[in-house]
>>> print(open('query.pdb').read())   # PDB, C-alpha atoms, pLDDT in the B column
ATOM      1  CA  MET Y  17     -14.110  16.326  18.396  1.00 62.00           C
ATOM      2  CA  SER Y  18     -13.481  12.926  19.949  1.00 81.00           C
ATOM      3  CA  LEU Y  19     -10.222  11.265  19.019  1.00 89.00           C
ATOM      4  CA  ALA Y  20     -11.565   7.735  19.483  1.00 94.00           C
ATOM      5  CA  TRP Y  21     -10.956   7.126  15.772  1.00 97.00           C
ATOM      6  CA  LEU Y  22      -7.214   7.402  16.478  1.00 97.00           C
ATOM      7  CA  ASP Y  23      -7.488   4.818  19.240  1.00 97.00           C
ATOM      8  CA  ASP Y  24      -9.256   2.459  16.844  1.00 97.00           C
ATOM      9  CA  ILE Y  25      -6.019   2.086  14.908  1.00 98.00           C
ATOM     10  CA  GLN Y  26      -3.697  -0.802  15.695  1.00 98.00           C
ATOM     11  CA  TRP Y  27      -0.400   1.048  15.852  1.00 98.00           C
ATOM     12  CA  THR Y  28       2.897  -0.809  15.555  1.00 97.00           C
ATOM     13  CA  GLU Y  29       5.166  -1.103  18.596  1.00 96.00           C
ATOM     14  CA  ASP Y  30       6.880   2.027  17.291  1.00 96.00           C
ATOM     15  CA  GLY Y  31       3.551   3.859  17.209  1.00 98.00           C
ATOM     16  CA  LEU Y  32       3.272   3.865  13.432  1.00 98.00           C
ATOM     17  CA  VAL Y  33       0.800   2.785  10.783  1.00 98.00           C
ATOM     18  CA  PRO Y  34       1.618   2.050   7.123  1.00 98.00           C
ATOM     19  CA  VAL Y  35      -0.073   4.373   4.644  1.00 98.00           C
ATOM     20  CA  ILE Y  36      -0.770   3.851   0.952  1.00 98.00           C
ATOM     21  CA  ALA Y  37      -1.378   7.018  -1.075  1.00 98.00           C
ATOM     22  CA  GLN Y  38      -3.552   6.708  -4.165  1.00 98.00           C
ATOM     23  CA  GLN Y  39      -4.407   9.401  -6.683  1.00 98.00           C
ATOM     24  CA  HIS Y  40      -8.161   9.728  -6.199  1.00 98.00           C
ATOM     25  CA  ASN Y  41      -9.329  10.106  -9.779  1.00 97.00           C
ATOM     26  CA  THR Y  42      -6.996   7.748 -11.635  1.00 97.00           C
ATOM     27  CA  GLY Y  43      -6.467   5.037  -9.020  1.00 98.00           C
ATOM     28  CA  ARG Y  44      -2.710   5.264  -9.464  1.00 98.00           C
ATOM     29  CA  VAL Y  45      -0.869   4.203  -6.324  1.00 98.00           C
ATOM     30  CA  VAL Y  46       1.762   6.904  -6.008  1.00 98.00           C
ATOM     31  CA  MET Y  47       3.618   6.169  -2.782  1.00 98.00           C
ATOM     32  CA  PHE Y  48       3.838   4.301   0.488  1.00 98.00           C
ATOM     33  CA  ALA Y  49       4.950   5.789   3.794  1.00 98.00           C
ATOM     34  CA  TRP Y  50       4.271   5.760   7.531  1.00 98.00           C
ATOM     35  CA  MET Y  51       2.320   7.942   9.904  1.00 98.00           C
ATOM     36  CA  ASN Y  52       2.347   8.266  13.651  1.00 98.00           C
ATOM     37  CA  ARG Y  53      -0.559   9.514  15.710  1.00 98.00           C
ATOM     38  CA  GLU Y  54       0.458  13.148  15.458  1.00 98.00           C
ATOM     39  CA  SER Y  55       1.006  13.074  11.708  1.00 98.00           C
ATOM     40  CA  LEU Y  56      -2.352  11.441  11.068  1.00 98.00           C
ATOM     41  CA  GLN Y  57      -4.055  13.976  13.271  1.00 97.00           C
ATOM     42  CA  LEU Y  58      -2.324  16.781  11.355  1.00 97.00           C
ATOM     43  CA  THR Y  59      -3.280  15.166   8.056  1.00 98.00           C
ATOM     44  CA  VAL Y  60      -6.937  15.247   9.049  1.00 97.00           C
ATOM     45  CA  ALA Y  61      -6.786  18.718  10.590  1.00 96.00           C
ATOM     46  CA  GLU Y  62      -4.939  20.358   7.692  1.00 97.00           C
ATOM     47  CA  GLY Y  63      -6.375  18.353   4.815  1.00 98.00           C
ATOM     48  CA  TYR Y  64      -2.912  17.631   3.445  1.00 98.00           C
ATOM     49  CA  ALA Y  65      -0.794  14.525   4.014  1.00 98.00           C
ATOM     50  CA  THR Y  66       1.818  14.650   6.738  1.00 98.00           C
ATOM     51  CA  TYR Y  67       3.892  11.534   7.249  1.00 98.00           C
ATOM     52  CA  TRP Y  68       6.387  10.385   9.827  1.00 98.00           C
ATOM     53  CA  SER Y  69       9.831  10.079   8.305  1.00 97.00           C
ATOM     54  CA  ARG Y  70      11.464   7.034   9.841  1.00 95.00           C
ATOM     55  CA  SER Y  71      14.874   7.889   8.386  1.00 93.00           C
ATOM     56  CA  ARG Y  72      14.809  11.466   9.669  1.00 95.00           C
ATOM     57  CA  GLN Y  73      12.714  10.702  12.764  1.00 97.00           C
ATOM     58  CA  ARG Y  74      10.532  13.724  12.327  1.00 97.00           C
ATOM     59  CA  LEU Y  75       7.217  14.886  10.908  1.00 98.00           C
ATOM     60  CA  TRP Y  76       7.326  15.188   7.143  1.00 96.00           C
ATOM     61  CA  ARG Y  77       4.791  17.455   5.559  1.00 97.00           C
ATOM     62  CA  LYS Y  78       4.698  15.957   2.075  1.00 97.00           C
ATOM     63  CA  GLY Y  79       5.708  18.677  -0.350  1.00 94.00           C
ATOM     64  CA  GLU Y  80       7.420  20.848   2.261  1.00 94.00           C
ATOM     65  CA  GLU Y  81      10.493  21.076   0.015  1.00 90.00           C
ATOM     66  CA  SER Y  82       9.146  20.131  -3.392  1.00 90.00           C
ATOM     67  CA  GLY Y  83       5.798  21.889  -3.195  1.00 93.00           C
ATOM     68  CA  HIS Y  84       4.218  18.611  -4.277  1.00 95.00           C
ATOM     69  CA  ARG Y  85       1.636  18.452  -1.522  1.00 97.00           C
ATOM     70  CA  GLN Y  86      -1.078  15.839  -1.320  1.00 98.00           C
ATOM     71  CA  LYS Y  87      -4.575  17.140  -0.759  1.00 98.00           C
ATOM     72  CA  VAL Y  88      -6.573  14.540   1.123  1.00 98.00           C
ATOM     73  CA  ILE Y  89      -9.857  13.403  -0.406  1.00 98.00           C
ATOM     74  CA  ASP Y  90     -10.627  10.303   1.673  1.00 98.00           C
ATOM     75  CA  ILE Y  91      -9.006   8.319   4.484  1.00 98.00           C
ATOM     76  CA  GLN Y  92      -9.711   4.607   4.681  1.00 98.00           C
ATOM     77  CA  LEU Y  93      -8.841   1.952   7.241  1.00 98.00           C
ATOM     78  CA  ASP Y  94      -8.472  -1.745   6.524  1.00 98.00           C
ATOM     79  CA  CYS Y  95     -10.264  -4.671   8.161  1.00 97.00           C
ATOM     80  CA  ASP Y  96      -7.532  -5.254  10.744  1.00 97.00           C
ATOM     81  CA  ALA Y  97      -7.318  -1.530  11.492  1.00 98.00           C
ATOM     82  CA  ASP Y  98      -3.580  -1.556  10.920  1.00 98.00           C
ATOM     83  CA  VAL Y  99      -3.200  -0.102   7.418  1.00 98.00           C
ATOM     84  CA  ILE Y 100      -4.441   3.199   6.026  1.00 98.00           C
ATOM     85  CA  LEU Y 101      -5.265   4.060   2.431  1.00 98.00           C
ATOM     86  CA  ILE Y 102      -5.540   7.746   1.596  1.00 98.00           C
ATOM     87  CA  LYS Y 103      -7.102   9.003  -1.588  1.00 98.00           C
ATOM     88  CA  ILE Y 104      -5.272  12.156  -2.499  1.00 98.00           C
ATOM     89  CA  ASP Y 105      -4.953  14.783  -5.184  1.00 98.00           C
ATOM     90  CA  GLN Y 106      -1.254  15.042  -5.954  1.00 98.00           C
ATOM     91  CA  GLU Y 107      -0.246  18.637  -6.541  1.00 97.00           C
ATOM     92  CA  GLY Y 108       2.133  19.019  -9.462  1.00 95.00           C
ATOM     93  CA  GLY Y 109       1.342  15.466 -10.532  1.00 96.00           C
ATOM     94  CA  ILE Y 110       4.634  14.241  -9.061  1.00 96.00           C
ATOM     95  CA  ALA Y 111       4.773  12.134  -5.901  1.00 96.00           C
ATOM     96  CA  CYS Y 112       8.218  10.573  -6.272  1.00 96.00           C
ATOM     97  CA  HIS Y 113      11.489  12.231  -5.311  1.00 94.00           C
ATOM     98  CA  THR Y 114      12.878  10.985  -8.633  1.00 95.00           C
ATOM     99  CA  GLY Y 115      10.540  13.388 -10.420  1.00 95.00           C
ATOM    100  CA  ARG Y 116       8.040  10.744 -11.502  1.00 96.00           C
ATOM    101  CA  GLU Y 117       4.292  10.634 -10.974  1.00 96.00           C
ATOM    102  CA  SER Y 118       4.563   7.521  -8.814  1.00 97.00           C
ATOM    103  CA  CYS Y 119       7.267   5.811  -6.775  1.00 98.00           C
ATOM    104  CA  PHE Y 120       6.168   2.568  -8.427  1.00 98.00           C
ATOM    105  CA  TYR Y 121       7.750   3.009 -11.835  1.00 98.00           C
ATOM    106  CA  ARG Y 122       9.625  -0.279 -12.192  1.00 97.00           C
ATOM    107  CA  SER Y 123       8.166  -3.624 -13.209  1.00 98.00           C
ATOM    108  CA  LEU Y 124       9.649  -7.078 -13.022  1.00 97.00           C
ATOM    109  CA  ILE Y 125      10.192  -8.037 -16.658  1.00 96.00           C
ATOM    110  CA  ASP Y 126      12.354 -10.960 -17.778  1.00 94.00           C
ATOM    111  CA  GLY Y 127      13.851 -11.238 -14.305  1.00 95.00           C
ATOM    112  CA  GLU Y 128      14.823  -7.585 -14.057  1.00 96.00           C
ATOM    113  CA  TRP Y 129      13.295  -4.440 -12.561  1.00 97.00           C
ATOM    114  CA  GLN Y 130      12.737  -2.357 -15.666  1.00 97.00           C
ATOM    115  CA  SER Y 131      11.723   1.268 -15.506  1.00 95.00           C
ATOM    116  CA  SER Y 132       8.556   1.930 -17.447  1.00 84.00           C
ATOM    117  CA  GLU Y 133       8.005   5.585 -16.704  1.00 90.00           C
ATOM    118  CA  ALA Y 134       9.642   8.816 -17.711  1.00 88.00           C
ATOM    119  CA  VAL Y 135      10.950  11.431 -15.319  1.00 93.00           C
ATOM    120  CA  LEU Y 136       8.559  14.388 -15.569  1.00 92.00           C
ATOM    121  CA  LYS Y 137      10.844  16.859 -13.855  1.00 92.00           C
ATOM    122  CA  ASP Y 138      14.532  16.848 -13.021  1.00 90.00           C
ATOM    123  CA  PRO Y 139      14.853  16.288  -9.245  1.00 90.00           C
ATOM    124  CA  LYS Y 140      17.559  18.972  -9.212  1.00 88.00           C
ATOM    125  CA  SER Y 141      14.935  21.514 -10.154  1.00 87.00           C
ATOM    126  CA  ILE Y 142      12.538  20.179  -7.513  1.00 83.00           C
ATOM    127  CA  TYR Y 143      14.886  20.173  -4.540  1.00 77.00           C
ATOM    128  CA  HIS Y 144      17.070  23.209  -4.159  1.00 64.00           C
ATOM    129  CA  LYS Y 145      19.393  22.017  -1.443  1.00 53.00           C
TER     130      LYS Y 145
ATOM    131  CA  MET F  38      17.266 -17.481 -14.198  1.00 62.00           C
ATOM    132  CA  SER F  39      19.315 -15.113 -12.077  1.00 81.00           C
ATOM    133  CA  LEU F  40      17.784 -14.116  -8.763  1.00 89.00           C
ATOM    134  CA  ALA F  41      19.542 -10.755  -8.656  1.00 94.00           C
ATOM    135  CA  TRP F  42      16.110  -9.069  -8.747  1.00 97.00           C
ATOM    136  CA  LEU F  43      15.456 -10.518  -5.295  1.00 97.00           C
ATOM    137  CA  ASP F  44      18.730  -9.085  -4.013  1.00 97.00           C
ATOM    138  CA  ASP F  45      17.726  -5.675  -5.364  1.00 97.00           C
ATOM    139  CA  ILE F  46      14.993  -5.500  -2.729  1.00 98.00           C
ATOM    140  CA  GLN F  47      15.678  -3.763   0.572  1.00 98.00           C
ATOM    141  CA  TRP F  48      14.245  -6.340   2.962  1.00 98.00           C
ATOM    142  CA  THR F  49      13.373  -5.396   6.531  1.00 97.00           C
ATOM    143  CA  GLU F  50      15.458  -6.759   9.388  1.00 96.00           C
ATOM    144  CA  ASP F  51      12.911  -9.578   9.553  1.00 96.00           C
ATOM    145  CA  GLY F  52      13.484 -10.351   5.881  1.00 98.00           C
ATOM    146  CA  LEU F  53      10.132  -8.976   4.754  1.00 98.00           C
ATOM    147  CA  VAL F  54       8.807  -6.455   2.265  1.00 98.00           C
ATOM    148  CA  PRO F  55       5.391  -4.729   2.415  1.00 98.00           C
ATOM    149  CA  VAL F  56       3.111  -5.540  -0.502  1.00 98.00           C
ATOM    150  CA  ILE F  57       0.128  -3.604  -1.823  1.00 98.00           C
ATOM    151  CA  ALA F  58      -2.326  -5.614  -3.936  1.00 98.00           C
ATOM    152  CA  GLN F  59      -4.331  -3.700  -6.523  1.00 98.00           C
ATOM    153  CA  GLN F  60      -7.039  -5.031  -8.827  1.00 98.00           C
ATOM    154  CA  HIS F  61      -5.423  -4.549 -12.229  1.00 98.00           C
ATOM    155  CA  ASN F  62      -8.397  -3.347 -14.260  1.00 97.00           C
ATOM    156  CA  THR F  63     -10.249  -1.175 -11.747  1.00 97.00           C
ATOM    157  CA  GLY F  64      -7.362   0.238  -9.715  1.00 98.00           C
ATOM    158  CA  ARG F  65      -9.054  -0.762  -6.487  1.00 98.00           C
ATOM    159  CA  VAL F  66      -6.534  -1.373  -3.711  1.00 98.00           C
ATOM    160  CA  VAL F  67      -7.801  -4.595  -2.186  1.00 98.00           C
ATOM    161  CA  MET F  68      -5.295  -5.511   0.508  1.00 98.00           C
ATOM    162  CA  PHE F  69      -1.924  -5.027   2.110  1.00 98.00           C
ATOM    163  CA  ALA F  70       0.318  -7.807   3.371  1.00 98.00           C
ATOM    164  CA  TRP F  71       3.944  -8.897   3.626  1.00 98.00           C
ATOM    165  CA  MET F  72       6.193 -11.200   1.646  1.00 98.00           C
ATOM    166  CA  ASN F  73       9.507 -12.787   2.430  1.00 98.00           C
ATOM    167  CA  ARG F  74      12.018 -13.885  -0.161  1.00 98.00           C
ATOM    168  CA  GLU F  75      10.531 -17.330  -0.553  1.00 98.00           C
ATOM    169  CA  SER F  76       6.957 -16.107  -0.900  1.00 98.00           C
ATOM    170  CA  LEU F  77       7.895 -13.546  -3.540  1.00 98.00           C
ATOM    171  CA  GLN F  78       9.819 -16.187  -5.448  1.00 97.00           C
ATOM    172  CA  LEU F  79       6.781 -18.489  -5.294  1.00 97.00           C
ATOM    173  CA  THR F  80       4.514 -15.644  -6.375  1.00 98.00           C
ATOM    174  CA  VAL F  81       6.606 -15.126  -9.483  1.00 97.00           C
ATOM    175  CA  ALA F  82       7.076 -18.833 -10.193  1.00 96.00           C
ATOM    176  CA  GLU F  83       3.409 -19.771  -9.763  1.00 97.00           C
ATOM    177  CA  GLY F  84       1.790 -16.588 -11.037  1.00 98.00           C
ATOM    178  CA  TYR F  85      -0.434 -16.346  -7.950  1.00 98.00           C
ATOM    179  CA  ALA F  86       0.183 -14.286  -4.830  1.00 98.00           C
ATOM    180  CA  THR F  87       1.776 -16.022  -1.867  1.00 98.00           C
ATOM    181  CA  TYR F  88       2.359 -13.894   1.222  1.00 98.00           C
ATOM    182  CA  TRP F  89       4.178 -14.412   4.489  1.00 98.00           C
ATOM    183  CA  SER F  90       1.719 -14.493   7.365  1.00 97.00           C
ATOM    184  CA  ARG F  91       3.365 -12.708  10.267  1.00 95.00           C
ATOM    185  CA  SER F  92       0.697 -13.855  12.739  1.00 93.00           C
ATOM    186  CA  ARG F  93       0.972 -17.499  11.722  1.00 95.00           C
ATOM    187  CA  GLN F  94       4.664 -17.335  10.795  1.00 97.00           C
ATOM    188  CA  ARG F  95       4.221 -19.359   7.658  1.00 97.00           C
ATOM    189  CA  LEU F  96       3.722 -19.064   3.918  1.00 98.00           C
ATOM    190  CA  TRP F  97       0.185 -18.070   3.057  1.00 96.00           C
ATOM    191  CA  ARG F  98      -0.987 -18.906  -0.416  1.00 97.00           C
ATOM    192  CA  LYS F  99      -3.735 -16.321  -0.780  1.00 97.00           C
ATOM    193  CA  GLY F 100      -6.982 -18.203  -1.364  1.00 94.00           C
ATOM    194  CA  GLU F 101      -5.723 -21.496   0.044  1.00 94.00           C
ATOM    195  CA  GLU F 102      -8.839 -21.720   2.222  1.00 90.00           C
ATOM    196  CA  SER F 103     -11.247 -19.327   0.539  1.00 90.00           C
ATOM    197  CA  GLY F 104     -10.422 -20.125  -3.074  1.00 93.00           C
ATOM    198  CA  HIS F 105     -10.030 -16.398  -3.612  1.00 95.00           C
ATOM    199  CA  ARG F 106      -6.639 -16.542  -5.253  1.00 97.00           C
ATOM    200  CA  GLN F 107      -4.890 -13.551  -6.773  1.00 98.00           C
ATOM    201  CA  LYS F 108      -3.559 -14.035 -10.287  1.00 98.00           C
ATOM    202  CA  VAL F 109      -0.528 -11.834 -10.753  1.00 98.00           C
ATOM    203  CA  ILE F 110      -0.545  -9.438 -13.708  1.00 98.00           C
ATOM    204  CA  ASP F 111       2.390  -7.165 -12.851  1.00 98.00           C
ATOM    205  CA  ILE F 112       4.920  -6.765 -10.034  1.00 98.00           C
ATOM    206  CA  GLN F 113       6.266  -3.291  -9.347  1.00 98.00           C
ATOM    207  CA  LEU F 114       8.991  -2.005  -7.042  1.00 98.00           C
ATOM    208  CA  ASP F 115       9.161   1.486  -5.587  1.00 98.00           C
ATOM    209  CA  CYS F 116      11.969   4.023  -5.822  1.00 97.00           C
ATOM    210  CA  ASP F 117      13.565   2.931  -2.537  1.00 97.00           C
ATOM    211  CA  ALA F 118      13.236  -0.737  -3.465  1.00 98.00           C
ATOM    212  CA  ASP F 119      11.493  -1.464  -0.180  1.00 98.00           C
ATOM    213  CA  VAL F 120       7.805  -1.658  -1.157  1.00 98.00           C
ATOM    214  CA  ILE F 121       6.106  -3.845  -3.748  1.00 98.00           C
ATOM    215  CA  LEU F 122       2.897  -3.163  -5.635  1.00 98.00           C
ATOM    216  CA  ILE F 123       1.287  -6.127  -7.358  1.00 98.00           C
ATOM    217  CA  LYS F 124      -1.409  -5.766  -9.961  1.00 98.00           C
ATOM    218  CA  ILE F 125      -3.642  -8.772  -9.599  1.00 98.00           C
ATOM    219  CA  ASP F 126      -6.842 -10.292 -10.832  1.00 98.00           C
ATOM    220  CA  GLN F 127      -8.845 -11.180  -7.730  1.00 98.00           C
ATOM    221  CA  GLU F 128     -10.621 -14.500  -8.196  1.00 97.00           C
ATOM    222  CA  GLY F 129     -14.156 -14.436  -6.842  1.00 95.00           C
ATOM    223  CA  GLY F 130     -13.954 -10.654  -6.582  1.00 96.00           C
ATOM    224  CA  ILE F 131     -13.392 -10.903  -2.825  1.00 96.00           C
ATOM    225  CA  ALA F 132     -10.026 -10.127  -1.235  1.00 96.00           C
ATOM    226  CA  CYS F 133     -11.105  -9.471   2.349  1.00 96.00           C
ATOM    227  CA  HIS F 134     -11.748 -12.129   4.967  1.00 94.00           C
ATOM    228  CA  THR F 135     -14.907 -10.216   5.901  1.00 95.00           C
ATOM    229  CA  GLY F 136     -16.369 -11.167   2.511  1.00 95.00           C
ATOM    230  CA  ARG F 137     -15.854  -7.768   0.910  1.00 96.00           C
ATOM    231  CA  GLU F 138     -14.108  -6.878  -2.331  1.00 96.00           C
ATOM    232  CA  SER F 139     -11.443  -4.897  -0.509  1.00 97.00           C
ATOM    233  CA  CYS F 140     -10.042  -4.756   3.017  1.00 98.00           C
ATOM    234  CA  PHE F 141     -10.361  -0.968   2.763  1.00 98.00           C
ATOM    235  CA  TYR F 142     -14.084  -0.606   3.265  1.00 98.00           C
ATOM    236  CA  ARG F 143     -14.165   2.028   6.019  1.00 97.00           C
ATOM    237  CA  SER F 144     -13.753   5.760   5.622  1.00 98.00           C
ATOM    238  CA  LEU F 145     -13.194   8.432   8.203  1.00 97.00           C
ATOM    239  CA  ILE F 146     -16.439  10.421   8.182  1.00 96.00           C
ATOM    240  CA  ASP F 147     -17.421  12.903  10.898  1.00 94.00           C
ATOM    241  CA  GLY F 148     -14.693  11.563  13.166  1.00 95.00           C
ATOM    242  CA  GLU F 149     -15.718   7.923  12.851  1.00 96.00           C
ATOM    243  CA  TRP F 150     -14.672   4.972  10.725  1.00 97.00           C
ATOM    244  CA  GLN F 151     -17.829   4.290   8.763  1.00 97.00           C
ATOM    245  CA  SER F 152     -18.276   1.219   6.613  1.00 95.00           C
ATOM    246  CA  SER F 153     -19.183   2.098   3.066  1.00 84.00           C
ATOM    247  CA  GLU F 154     -19.240  -1.298   1.462  1.00 90.00           C
ATOM    248  CA  ALA F 155     -21.518  -4.295   1.568  1.00 88.00           C
ATOM    249  CA  VAL F 156     -20.453  -7.827   2.413  1.00 93.00           C
ATOM    250  CA  LEU F 157     -20.637  -9.794  -0.831  1.00 92.00           C
ATOM    251  CA  LYS F 158     -20.466 -13.208   0.792  1.00 92.00           C
ATOM    252  CA  ASP F 159     -20.915 -14.428   4.352  1.00 90.00           C
ATOM    253  CA  PRO F 160     -17.460 -15.307   5.714  1.00 90.00           C
ATOM    254  CA  LYS F 161     -18.980 -18.442   7.266  1.00 88.00           C
ATOM    255  CA  SER F 162     -19.637 -19.727   3.764  1.00 87.00           C
ATOM    256  CA  ILE F 163     -16.103 -18.826   2.674  1.00 83.00           C
ATOM    257  CA  TYR F 164     -14.167 -20.456   5.502  1.00 77.00           C
ATOM    258  CA  HIS F 165     -15.261 -23.899   6.542  1.00 64.00           C
ATOM    259  CA  LYS F 166     -13.248 -24.339   9.706  1.00 53.00           C
TER     260      LYS F 166
END
>>> encode(input="query.pdb", output="structure tokens")
Amino acid sequence: MSLAWLDDIQWTEDGLVPVIAQQHNTGRVVMFAWMNRESLQLTVAEGYATYWSRSRQRLWRKGEESGHRQKVIDIQLDCDADVILIKIDQEGGIACHTGRESCFYRSLIDGEWQSSEAVLKDPKSIYHK
Amino acid sequence: MSLAWLDDIQWTEDGLVPVIAQQHNTGRVVMFAWMNRESLQLTVAEGYATYWSRSRQRLWRKGEESGHRQKVIDIQLDCDADVILIKIDQEGGIACHTGRESCFYRSLIDGEWQSSEAVLKDPKSIYHK
């Protein structure tokens, strides 16, 4: 299969593209991360999200430690071809390393970031390192 | 009011934070852009989204030309405090400069980015420059 669709993307100078992950059936935005060319190709080939971890400088198969993989339903590109939105099905219902459904669990209320969402699972029982 | 909530954010080296804009009542992700400290402060103070345009290097009050402003319903911060998700009400129902509801109107289908969404309004009639 041609890889022209990868060339259509406007990668950053570092060869990355920002990626928004959204739970396909509820619309909940669960996380934001980055992909490089290889990780996006793997995401498409395997049907599960693989990101590029900027902090660890390596491929990061989402769920590789936690088991909370993200099955890919749809991959969308924005008008400027420099942002990707993936519709996913979040296995285990937990995307955040804090044990919450979504990484976006705090809202600005009365001038403070207030948490509005319970921890579904103790991170200690998710990560066994 | 204390501005400690602004200091809580992990700004990039350029003093920016990525922002995802989501239509509050449908869950549709309509665009992705960046804010600096001043634009986020203005967004909160005015109740309408103001971004930082990296290409034009200036504040960008969303809708300043098109009239398609984004009324802010909720502002959320992610677990790492380096990504913002705003729930908005998109005036005019068009967030994209192409005249579509959302900037994410293309999906990867059969190895190609295929447009799956109609233009609601001719951009020429939105921007009068």
>>> axis_aligned_box(input="query.pdb", around="segment 139-145 of chain F", padding_each_side="6 Å", output="JSON")
{"center_x": -12.1, "center_y": 1.8, "center_z": 3.8, "size_x": 16.1, "size_y": 25.3, "size_z": 20.7}
>>> closest_residue(input="query.pdb", among="Y:Asp105, Y:Glu80, Y:Asp126, Y:Asp138", to="chain F", atoms="only C-alpha atoms")
Y:Asp126
>>> residues_around(input="query.pdb", residues="Ile36 of chain Y", least_positions_apart="4", cutoff="7 Å", atoms="only C-alpha atoms", output="PDB file with C-alpha atoms, in the frame of the given file")
ATOM      1  CA  MET Y  47       3.618   6.169  -2.782  1.00 98.00           C
ATOM      2  CA  PHE Y  48       3.838   4.301   0.488  1.00 98.00           C
ATOM      3  CA  ALA Y  49       4.950   5.789   3.794  1.00 98.00           C
ATOM      4  CA  ILE Y 100      -4.441   3.199   6.026  1.00 98.00           C
ATOM      5  CA  LEU Y 101      -5.265   4.060   2.431  1.00 98.00           C
ATOM      6  CA  ILE Y 102      -5.540   7.746   1.596  1.00 98.00           C
TER       7      ILE Y 102
END
>>> resolve_selection(input="query.pdb", expression="the PyMOL selection byres ((chain F and resi 114) around 10)", output="PyMOL selection string")
(chain Y and resi 119-124+129-131) or (chain F and resi 45-46+56+112-113+115-123)
>>> resolve_selection(input="query.pdb", expression="the PyMOL selection byres ((chain Y and resi 140) around 12)", output="MDAnalysis selection string")
chainID Y and resid 81:82 113:115 135:139 141:145
>>> write_last_selection(input="query.pdb", atoms="C-alpha atoms", output="mmCIF file, in the frame of the given file")
data_model
loop_
_atom_site.group_PDB
_atom_site.id
_atom_site.type_symbol
_atom_site.label_atom_id
_atom_site.label_comp_id
_atom_site.auth_asym_id
_atom_site.auth_seq_id
_atom_site.Cartn_x
_atom_site.Cartn_y
_atom_site.Cartn_z
ATOM 1 C CA GLU Y 81 10.493 21.076 0.015
ATOM 2 C CA SER Y 82 9.146 20.131 -3.392
ATOM 3 C CA HIS Y 113 11.489 12.231 -5.311
ATOM 4 C CA THR Y 114 12.878 10.985 -8.633
ATOM 5 C CA GLY Y 115 10.540 13.388 -10.420
ATOM 6 C CA VAL Y 135 10.950 11.431 -15.319
ATOM 7 C CA LEU Y 136 8.559 14.388 -15.569
ATOM 8 C CA LYS Y 137 10.844 16.859 -13.855
ATOM 9 C CA ASP Y 138 14.532 16.848 -13.021
ATOM 10 C CA PRO Y 139 14.853 16.288 -9.245
ATOM 11 C CA SER Y 141 14.935 21.514 -10.154
ATOM 12 C CA ILE Y 142 12.538 20.179 -7.513
ATOM 13 C CA TYR Y 143 14.886 20.173 -4.540
ATOM 14 C CA HIS Y 144 17.070 23.209 -4.159
ATOM 15 C CA LYS Y 145 19.393 22.017 -1.443
#
>>> decode(input="query.pdb", residues="segment 54-65 of chain Y", atoms="N, CA and C atoms", output="CSV table (one decimal), in the first residue's frame")
chain,number,residue,atom,x,y,z
Y,54,GLU,N,6.8,6.5,12.4
Y,54,GLU,CA,6.8,5.0,12.6
Y,54,GLU,C,5.6,4.6,13.5
Y,55,SER,N,5.3,5.4,14.5
Y,55,SER,CA,4.3,5.1,15.5
Y,55,SER,C,2.9,5.2,14.8
Y,56,LEU,N,2.7,6.1,13.9
Y,56,LEU,CA,1.5,6.2,13.2
Y,56,LEU,C,1.3,5.1,12.3
Y,57,GLN,N,2.4,4.7,11.6
Y,57,GLN,CA,2.3,3.5,10.7
Y,57,GLN,C,1.9,2.3,11.5
Y,58,LEU,N,2.6,2.1,12.7
Y,58,LEU,CA,2.3,1.0,13.5
Y,58,LEU,C,0.8,1.0,14.0
Y,59,THR,N,0.3,2.2,14.3
Y,59,THR,CA,-1.0,2.4,14.8
Y,59,THR,C,-2.0,1.8,13.7
Y,60,VAL,N,-1.7,2.2,12.5
Y,60,VAL,CA,-2.6,1.8,11.4
Y,60,VAL,C,-2.5,0.3,11.1
Y,61,ALA,N,-1.2,-0.2,11.1
Y,61,ALA,CA,-1.0,-1.6,10.8
Y,61,ALA,C,-1.6,-2.5,11.9
Y,62,GLU,N,-1.4,-2.1,13.1
Y,62,GLU,CA,-1.8,-3.0,14.2
Y,62,GLU,C,-3.3,-2.8,14.7
Y,63,GLY,N,-3.8,-1.6,14.4
Y,63,GLY,CA,-5.2,-1.3,14.8
Y,63,GLY,C,-5.2,-0.9,16.3
Y,64,TYR,N,-4.1,-0.6,16.9
Y,64,TYR,CA,-4.0,-0.1,18.3
Y,64,TYR,C,-3.1,1.0,18.3
Y,65,ALA,N,-3.4,2.0,19.2
Y,65,ALA,CA,-2.6,3.2,19.2
Y,65,ALA,C,-1.2,3.0,19.8
